[in-house]
Every structure is written in structure tokens, then in C-alpha cells.
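File shown: work-v5.csv. Contents: CSV, N, CA and C atoms.
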chain,number,residue,atom,x,y,z
A,1,MET,N,0.8,3.4,-4.6
A,1,MET,CA,0.3,4.5,-5.3
A,1,MET,C,-0.8,5.2,-4.5
A,2,THR,N,-0.8,6.5,-4.5
A,2,THR,CA,-1.8,7.3,-3.8
A,2,THR,C,-2.8,7.9,-4.8
A,3,LEU,N,-4.1,7.7,-4.5
A,3,LEU,CA,-5.1,8.3,-5.3
A,3,LEU,C,-5.4,9.7,-4.9
A,4,SER,N,-5.6,10.6,-5.8
A,4,SER,CA,-6.0,12.0,-5.5
A,4,SER,C,-7.5,12.0,-5.2
A,5,ASP,N,-7.9,13.2,-4.6
A,5,ASP,CA,-9.3,13.3,-4.3
A,5,ASP,C,-10.2,13.2,-5.5
A,6,SER,N,-9.8,13.7,-6.7
A,6,SER,CA,-10.6,13.6,-7.9
A,6,SER,C,-10.6,12.1,-8.4
A,7,ASP,N,-9.6,11.4,-8.2
A,7,ASP,CA,-9.6,10.0,-8.5
A,7,ASP,C,-10.6,9.2,-7.6
A,8,LYS,N,-10.5,9.5,-6.4
A,8,LYS,CA,-11.5,8.8,-5.4
A,8,LYS,C,-12.9,9.2,-5.8
A,9,ALA,N,-13.1,10.5,-6.2
A,9,ALA,CA,-14.5,10.9,-6.5
A,9,ALA,C,-15.0,10.1,-7.8
A,10,MET,N,-14.0,9.9,-8.7
A,10,MET,CA,-14.4,9.2,-10.0
A,10,MET,C,-14.8,7.8,-9.6
A,11,ILE,N,-14.0,7.2,-8.7
A,11,ILE,CA,-14.3,5.8,-8.3
A,11,ILE,C,-15.7,5.7,-7.6
A,12,ARG,N,-16.0,6.7,-6.7
A,12,ARG,CA,-17.3,6.7,-6.0
A,12,ARG,C,-18.4,6.8,-7.1
A,13,HIS,N,-18.2,7.7,-8.1
A,13,HIS,CA,-19.2,7.9,-9.1
A,13,HIS,C,-19.4,6.6,-9.9
A,14,ALA,N,-18.3,5.9,-10.3
A,14,ALA,CA,-18.4,4.7,-11.0
A,14,ALA,C,-19.0,3.5,-10.2
A,15,ALA,N,-18.8,3.6,-8.9
A,15,ALA,CA,-19.2,2.5,-8.0
A,15,ALA,C,-20.7,2.3,-7.9
A,16,GLY,N,-21.4,3.4,-8.3
A,16,GLY,CA,-22.9,3.3,-8.2
A,16,GLY,C,-23.5,3.0,-6.9
A,17,ASN,N,-24.1,1.8,-6.7
A,17,ASN,CA,-24.8,1.5,-5.5
A,17,ASN,C,-23.9,0.7,-4.5
A,18,LEU,N,-22.6,0.7,-4.6
A,18,LEU,CA,-21.8,0.0,-3.6
A,18,LEU,C,-21.8,0.8,-2.3
A,19,ASN,N,-21.7,0.1,-1.2
A,19,ASN,CA,-21.6,0.8,0.1
A,19,ASN,C,-20.2,1.3,0.4
A,20,GLY,N,-20.0,2.0,1.5
A,20,GLY,CA,-18.8,2.7,1.8
A,20,GLY,C,-17.6,1.8,1.8
A,21,SER,N,-17.7,0.7,2.5
A,21,SER,CA,-16.5,-0.2,2.6
A,21,SER,C,-16.2,-0.9,1.3
A,22,GLN,N,-17.2,-1.1,0.5
A,22,GLN,CA,-17.0,-1.7,-0.9
A,22,GLN,C,-16.3,-0.7,-1.8
A,23,VAL,N,-16.6,0.6,-1.6
A,23,VAL,CA,-16.0,1.7,-2.4
A,23,VAL,C,-14.5,1.8,-2.0
A,24,THR,N,-14.2,1.7,-0.7
A,24,THR,CA,-12.9,1.7,-0.2
A,24,THR,C,-12.1,0.6,-0.7
A,25,THR,N,-12.7,-0.6,-0.7
A,25,THR,CA,-12.0,-1.8,-1.3
A,25,THR,C,-11.7,-1.6,-2.8
A,26,LEU,N,-12.7,-1.0,-3.5
A,26,LEU,CA,-12.5,-0.8,-4.9
A,26,LEU,C,-11.3,0.2,-5.1
A,27,GLN,N,-11.3,1.3,-4.3
A,27,GLN,CA,-10.2,2.2,-4.4
A,27,GLN,C,-8.9,1.6,-4.2
A,28,SER,N,-8.8,0.7,-3.2
A,28,SER,CA,-7.5,0.0,-3.0
A,28,SER,C,-7.1,-0.9,-4.1
A,29,ALA,N,-8.1,-1.6,-4.7
A,29,ALA,CA,-7.9,-2.5,-5.8
A,29,ALA,C,-7.4,-1.8,-7.0
A,30,VAL,N,-8.0,-0.6,-7.3
A,30,VAL,CA,-7.6,0.2,-8.4
A,30,VAL,C,-6.1,0.6,-8.3
A,31,ALA,N,-5.8,1.2,-7.1
A,31,ALA,CA,-4.5,1.6,-6.8
A,31,ALA,C,-3.5,0.5,-6.9
A,32,THR,N,-3.8,-0.7,-6.4
A,32,THR,CA,-2.9,-1.8,-6.5
A,32,THR,C,-2.7,-2.3,-7.9
A,33,ARG,N,-3.8,-2.3,-8.7
A,33,ARG,CA,-3.7,-2.7,-10.1
A,33,ARG,C,-2.8,-1.7,-10.9
A,34,LEU,N,-3.0,-0.4,-10.7
A,34,LEU,CA,-2.2,0.5,-11.4
A,34,LEU,C,-0.7,0.4,-11.0
A,35,GLN,N,-0.5,0.2,-9.7
A,35,GLN,CA,0.9,0.1,-9.3
A,35,GLN,C,1.6,-1.1,-9.9
A,36,ALA,N,0.8,-2.2,-10.0
A,36,ALA,CA,1.3,-3.4,-10.6
A,36,ALA,C,1.7,-3.2,-12.0
A,37,ASP,N,0.8,-2.5,-12.7
A,37,ASP,CA,1.0,-2.2,-14.2
A,37,ASP,C,2.3,-1.3,-14.3
A,38,LEU,N,2.5,-0.4,-13.4
A,38,LEU,CA,3.7,0.4,-13.4
A,38,LEU,C,4.9,-0.4,-13.2
A,39,ASP,N,4.9,-1.2,-12.1
A,39,ASP,CA,6.0,-2.0,-11.8
A,39,ASP,C,6.4,-3.0,-12.9
A,40,ALA,N,5.4,-3.6,-13.6
A,40,ALA,CA,5.6,-4.5,-14.6
A,40,ALA,C,6.1,-3.9,-15.9
A,41,GLY,N,6.0,-2.5,-16.0
A,41,GLY,CA,6.5,-1.8,-17.2
A,41,GLY,C,5.4,-1.8,-18.2
A,42,LEU,N,4.2,-2.2,-17.9
A,42,LEU,CA,3.1,-2.1,-18.9
A,42,LEU,C,2.7,-0.7,-19.2
A,43,ILE,N,2.8,0.2,-18.3
A,43,ILE,CA,2.6,1.6,-18.5
A,43,ILE,C,3.7,2.4,-17.9
A,44,LYS,N,4.0,3.6,-18.4
A,44,LYS,CA,5.1,4.4,-17.9
A,44,LYS,C,4.6,5.5,-16.9
A,45,ALA,N,3.4,5.9,-17.1
A,45,ALA,CA,2.7,6.9,-16.3
A,45,ALA,C,1.2,6.6,-16.3
A,46,VAL,N,0.5,6.9,-15.2
A,46,VAL,CA,-0.9,6.7,-15.2
A,46,VAL,C,-1.6,7.9,-15.8
A,47,THR,N,-2.4,7.6,-16.8
A,47,THR,CA,-3.2,8.7,-17.4
A,47,THR,C,-4.7,8.4,-17.0
A,48,LYS,N,-5.5,9.3,-17.3
A,48,LYS,CA,-7.0,9.2,-16.9
A,48,LYS,C,-7.5,7.9,-17.7
A,49,ASN,N,-7.1,7.6,-18.9
A,49,ASN,CA,-7.6,6.5,-19.6
A,49,ASN,C,-7.1,5.2,-18.9
A,50,HIS,N,-5.9,5.1,-18.4
A,50,HIS,CA,-5.4,4.0,-17.6
A,50,HIS,C,-6.3,3.8,-16.4
A,51,PHE,N,-6.5,5.0,-15.7
A,51,PHE,CA,-7.3,5.0,-14.5
A,51,PHE,C,-8.7,4.4,-14.7
A,52,ARG,N,-9.3,5.0,-15.8
A,52,ARG,CA,-10.7,4.5,-16.1
A,52,ARG,C,-10.7,3.0,-16.4
A,53,ALA,N,-9.7,2.5,-17.2
A,53,ALA,CA,-9.7,1.1,-17.5
A,53,ALA,C,-9.5,0.3,-16.3
A,54,ALA,N,-8.7,0.7,-15.3
A,54,ALA,CA,-8.5,0.0,-14.1
A,54,ALA,C,-9.8,-0.1,-13.3
A,55,VAL,N,-10.5,1.0,-13.2
A,55,VAL,CA,-11.8,1.0,-12.5
A,55,VAL,C,-12.7,0.0,-13.2
A,56,ALA,N,-12.8,0.1,-14.5
A,56,ALA,CA,-13.7,-0.8,-15.2
A,56,ALA,C,-13.3,-2.3,-15.0
A,57,ARG,N,-12.0,-2.6,-15.1
A,57,ARG,CA,-11.6,-4.0,-14.9
A,57,ARG,C,-11.9,-4.5,-13.5
A,58,GLU,N,-11.7,-3.6,-12.5
A,58,GLU,CA,-12.0,-4.0,-11.1
A,58,GLU,C,-13.5,-4.2,-10.9
A,59,LEU,N,-14.3,-3.3,-11.4
A,59,LEU,CA,-15.8,-3.4,-11.3
A,59,LEU,C,-16.3,-4.7,-12.0
A,60,SER,N,-15.7,-5.0,-13.1
A,60,SER,CA,-16.2,-6.2,-13.9
A,60,SER,C,-15.7,-7.5,-13.2
A,61,ARG,N,-14.6,-7.4,-12.5
A,61,ARG,CA,-14.0,-8.6,-11.8
A,61,ARG,C,-14.9,-8.9,-10.6
A,62,GLY,N,-15.6,-8.0,-10.0
A,62,GLY,CA,-16.4,-8.2,-8.8
A,62,GLY,C,-17.7,-8.8,-9.1
A,63,LYS,N,-18.1,-8.9,-10.4
A,63,LYS,CA,-19.4,-9.3,-10.8
A,63,LYS,C,-19.5,-10.8,-11.0
Translate this structure into C-alpha cells?
Amino acid sequence: MTLSDSDKAMIRHAAGNLNGSQVTTLQSAVATRLQADLDAGLIKAVTKNHFRAAVARELSRGK
């Protein structure tokens, strides 16, 4: 899955005080999670709410 520029900007905003490489890792994790949800049939299309939920799950997972 490819993230748009606005998706990447949303992740950077949500990332807060993470450094550049951590933000890149977060972007990759979010894309991987959404692709896995699509492949598993959990979602049919990625909406902004799915995207926000994936960002929140990945951020909470890292804590």
C-alpha cells in the first residue's frame, strides 16, 4: 500500500516528538497494518477512520 502525501503528513503530525527515522518506521507500520487488514478482508477500502485507527494502534503499540 502506498501512502499519499496527506497521509504521511497526518502521521508526522500524530507522531509528535518522534525523530525522522521513527516517523518513517511508523509510516511503514501503518501501511503494512492497513494492507494486512485489506488482505484479511477486515476492510474493503481504506477510509480516513481506518487510517486514523491504524496510526493510533501503531503509536500505542510502541509505548
(request) Give the answer as one residue: which of A:Ile11, A:Leu26, A:Asn17, A:Val46 has the shortest atom-to-atom distance to A:Glu58, using all atoms listed in the file? (result)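 Among A:Ile11, A:Leu26, A:Asn17, A:Val46, it is A:Leu26 that comes nearest to A:Glu58.
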(request) For atom C of A:Ala40 and atom N of A:Ala53, determine how far apart the two atoms are, in Å to one decimal place. (result) 17.1 Å
(request) Tell me, in Å to one decimal, how far atom N of A:Leu18 is from atom CA of A:Leu59. (result)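 Separating atom N of A:Leu18 from atom CA of A:Leu59 is a distance of 10.4 Å.
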(request) Please provide as an MDAnalysis selection string all residues within 8 Å of stretch 27-29 of chain A, with the sequence filter that same-chain residues fewer than 3 positions apart are discarded (counting all atoms listed in the file). (result) chainID A and resid 3 7:8 11:12 21:24 32:35 54:55 58
(message) Between atom CA of A:Ala31 and atom CA of A:Phe51, what distance in Å does the model show, to one decimal?
(response) 8.9 Å
Can stretch 14-25 of chain A be brought up to all heavy atoms and written out as a PDB file, keeping the file's coordinate frame?
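As written to disk, selection-v5.pdb reads:
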ATOM      1  N   ALA A  14     -18.300   5.900 -10.300  1.00  0.00           N
ATOM      2  CA  ALA A  14     -18.400   4.700 -11.000  1.00  0.00           C
ATOM      3  C   ALA A  14     -19.000   3.500 -10.200  1.00  0.00           C
ATOM      4  O   ALA A  14     -19.579   2.603 -10.758  1.00  0.00           O
ATOM      5  CB  ALA A  14     -17.043   4.315 -11.577  1.00  0.00           C
ATOM      6  N   ALA A  15     -18.800   3.600  -8.900  1.00  0.00           N
ATOM      7  CA  ALA A  15     -19.200   2.500  -8.000  1.00  0.00           C
ATOM      8  C   ALA A  15     -20.700   2.300  -7.900  1.00  0.00           C
ATOM      9  O   ALA A  15     -21.203   1.269  -7.565  1.00  0.00           O
ATOM     10  CB  ALA A  15     -18.615   2.682  -6.638  1.00  0.00           C
ATOM     11  N   GLY A  16     -21.400   3.400  -8.300  1.00  0.00           N
ATOM     12  CA  GLY A  16     -22.900   3.300  -8.200  1.00  0.00           C
ATOM     13  C   GLY A  16     -23.500   3.000  -6.900  1.00  0.00           C
ATOM     14  O   GLY A  16     -23.310   3.791  -5.964  1.00  0.00           O
ATOM     15  N   ASN A  17     -24.100   1.800  -6.700  1.00  0.00           N
ATOM     16  CA  ASN A  17     -24.800   1.500  -5.500  1.00  0.00           C
ATOM     17  C   ASN A  17     -23.900   0.700  -4.500  1.00  0.00           C
ATOM     18  O   ASN A  17     -24.506   0.103  -3.557  1.00  0.00           O
ATOM     19  CB  ASN A  17     -26.069   0.787  -5.764  1.00  0.00           C
ATOM     20  CG  ASN A  17     -25.842  -0.529  -6.481  1.00  0.00           C
ATOM     21  OD1 ASN A  17     -24.725  -0.839  -6.863  1.00  0.00           O
ATOM     22  ND2 ASN A  17     -26.898  -1.296  -6.673  1.00  0.00           N
ATOM     23  N   LEU A  18     -22.600   0.700  -4.600  1.00  0.00           N
ATOM     24  CA  LEU A  18     -21.800   0.000  -3.600  1.00  0.00           C
ATOM     25  C   LEU A  18     -21.800   0.800  -2.300  1.00  0.00           C
ATOM     26  O   LEU A  18     -21.877   2.014  -2.290  1.00  0.00           O
ATOM     27  CB  LEU A  18     -20.345  -0.129  -4.104  1.00  0.00           C
ATOM     28  CG  LEU A  18     -20.124  -0.963  -5.362  1.00  0.00           C
ATOM     29  CD1 LEU A  18     -18.647  -0.970  -5.722  1.00  0.00           C
ATOM     30  CD2 LEU A  18     -20.625  -2.375  -5.176  1.00  0.00           C
ATOM     31  N   ASN A  19     -21.700   0.100  -1.200  1.00  0.00           N
ATOM     32  CA  ASN A  19     -21.600   0.800   0.100  1.00  0.00           C
ATOM     33  C   ASN A  19     -20.200   1.300   0.400  1.00  0.00           C
ATOM     34  O   ASN A  19     -19.276   1.079  -0.414  1.00  0.00           O
ATOM     35  CB  ASN A  19     -22.105  -0.143   1.250  1.00  0.00           C
ATOM     36  CG  ASN A  19     -21.181  -1.308   1.511  1.00  0.00           C
ATOM     37  OD1 ASN A  19     -19.961  -1.195   1.395  1.00  0.00           O
ATOM     38  ND2 ASN A  19     -21.750  -2.445   1.867  1.00  0.00           N
ATOM     39  N   GLY A  20     -20.000   2.000   1.500  1.00  0.00           N
ATOM     40  CA  GLY A  20     -18.800   2.700   1.800  1.00  0.00           C
ATOM     41  C   GLY A  20     -17.600   1.800   1.800  1.00  0.00           C
ATOM     42  O   GLY A  20     -16.523   2.113   1.278  1.00  0.00           O
ATOM     43  N   SER A  21     -17.700   0.700   2.500  1.00  0.00           N
ATOM     44  CA  SER A  21     -16.500  -0.200   2.600  1.00  0.00           C
ATOM     45  C   SER A  21     -16.200  -0.900   1.300  1.00  0.00           C
ATOM     46  O   SER A  21     -15.047  -1.113   0.958  1.00  0.00           O
ATOM     47  CB  SER A  21     -16.791  -1.307   3.670  1.00  0.00           C
ATOM     48  OG  SER A  21     -17.846  -2.159   3.291  1.00  0.00           O
ATOM     49  N   GLN A  22     -17.200  -1.100   0.500  1.00  0.00           N
ATOM     50  CA  GLN A  22     -17.000  -1.700  -0.900  1.00  0.00           C
ATOM     51  C   GLN A  22     -16.300  -0.700  -1.800  1.00  0.00           C
ATOM     52  O   GLN A  22     -15.410  -1.024  -2.572  1.00  0.00           O
ATOM     53  CB  GLN A  22     -18.286  -2.129  -1.520  1.00  0.00           C
ATOM     54  CG  GLN A  22     -18.892  -3.345  -0.848  1.00  0.00           C
ATOM     55  CD  GLN A  22     -20.293  -3.650  -1.340  1.00  0.00           C
ATOM     56  OE1 GLN A  22     -21.075  -2.739  -1.600  1.00  0.00           O
ATOM     57  NE2 GLN A  22     -20.611  -4.931  -1.472  1.00  0.00           N
ATOM     58  N   VAL A  23     -16.600   0.600  -1.600  1.00  0.00           N
ATOM     59  CA  VAL A  23     -16.000   1.700  -2.400  1.00  0.00           C
ATOM     60  C   VAL A  23     -14.500   1.800  -2.000  1.00  0.00           C
ATOM     61  O   VAL A  23     -13.606   1.884  -2.811  1.00  0.00           O
ATOM     62  CB  VAL A  23     -16.690   3.018  -2.251  1.00  0.00           C
ATOM     63  CG1 VAL A  23     -15.887   4.137  -2.881  1.00  0.00           C
ATOM     64  CG2 VAL A  23     -18.075   2.954  -2.876  1.00  0.00           C
ATOM     65  N   THR A  24     -14.200   1.700  -0.700  1.00  0.00           N
ATOM     66  CA  THR A  24     -12.900   1.700  -0.200  1.00  0.00           C
ATOM     67  C   THR A  24     -12.100   0.600  -0.700  1.00  0.00           C
ATOM     68  O   THR A  24     -10.906   0.719  -1.105  1.00  0.00           O
ATOM     69  CB  THR A  24     -12.868   1.748   1.362  1.00  0.00           C
ATOM     70  OG1 THR A  24     -13.627   2.870   1.815  1.00  0.00           O
ATOM     71  CG2 THR A  24     -11.470   1.838   1.917  1.00  0.00           C
ATOM     72  N   THR A  25     -12.700  -0.600  -0.700  1.00  0.00           N
ATOM     73  CA  THR A  25     -12.000  -1.800  -1.300  1.00  0.00           C
ATOM     74  C   THR A  25     -11.700  -1.600  -2.800  1.00  0.00           C
ATOM     75  O   THR A  25     -10.639  -1.970  -3.240  1.00  0.00           O
ATOM     76  CB  THR A  25     -12.886  -3.048  -1.047  1.00  0.00           C
ATOM     77  OG1 THR A  25     -13.104  -3.204   0.353  1.00  0.00           O
ATOM     78  CG2 THR A  25     -12.245  -4.296  -1.622  1.00  0.00           C
TER      79      THR A  25
END
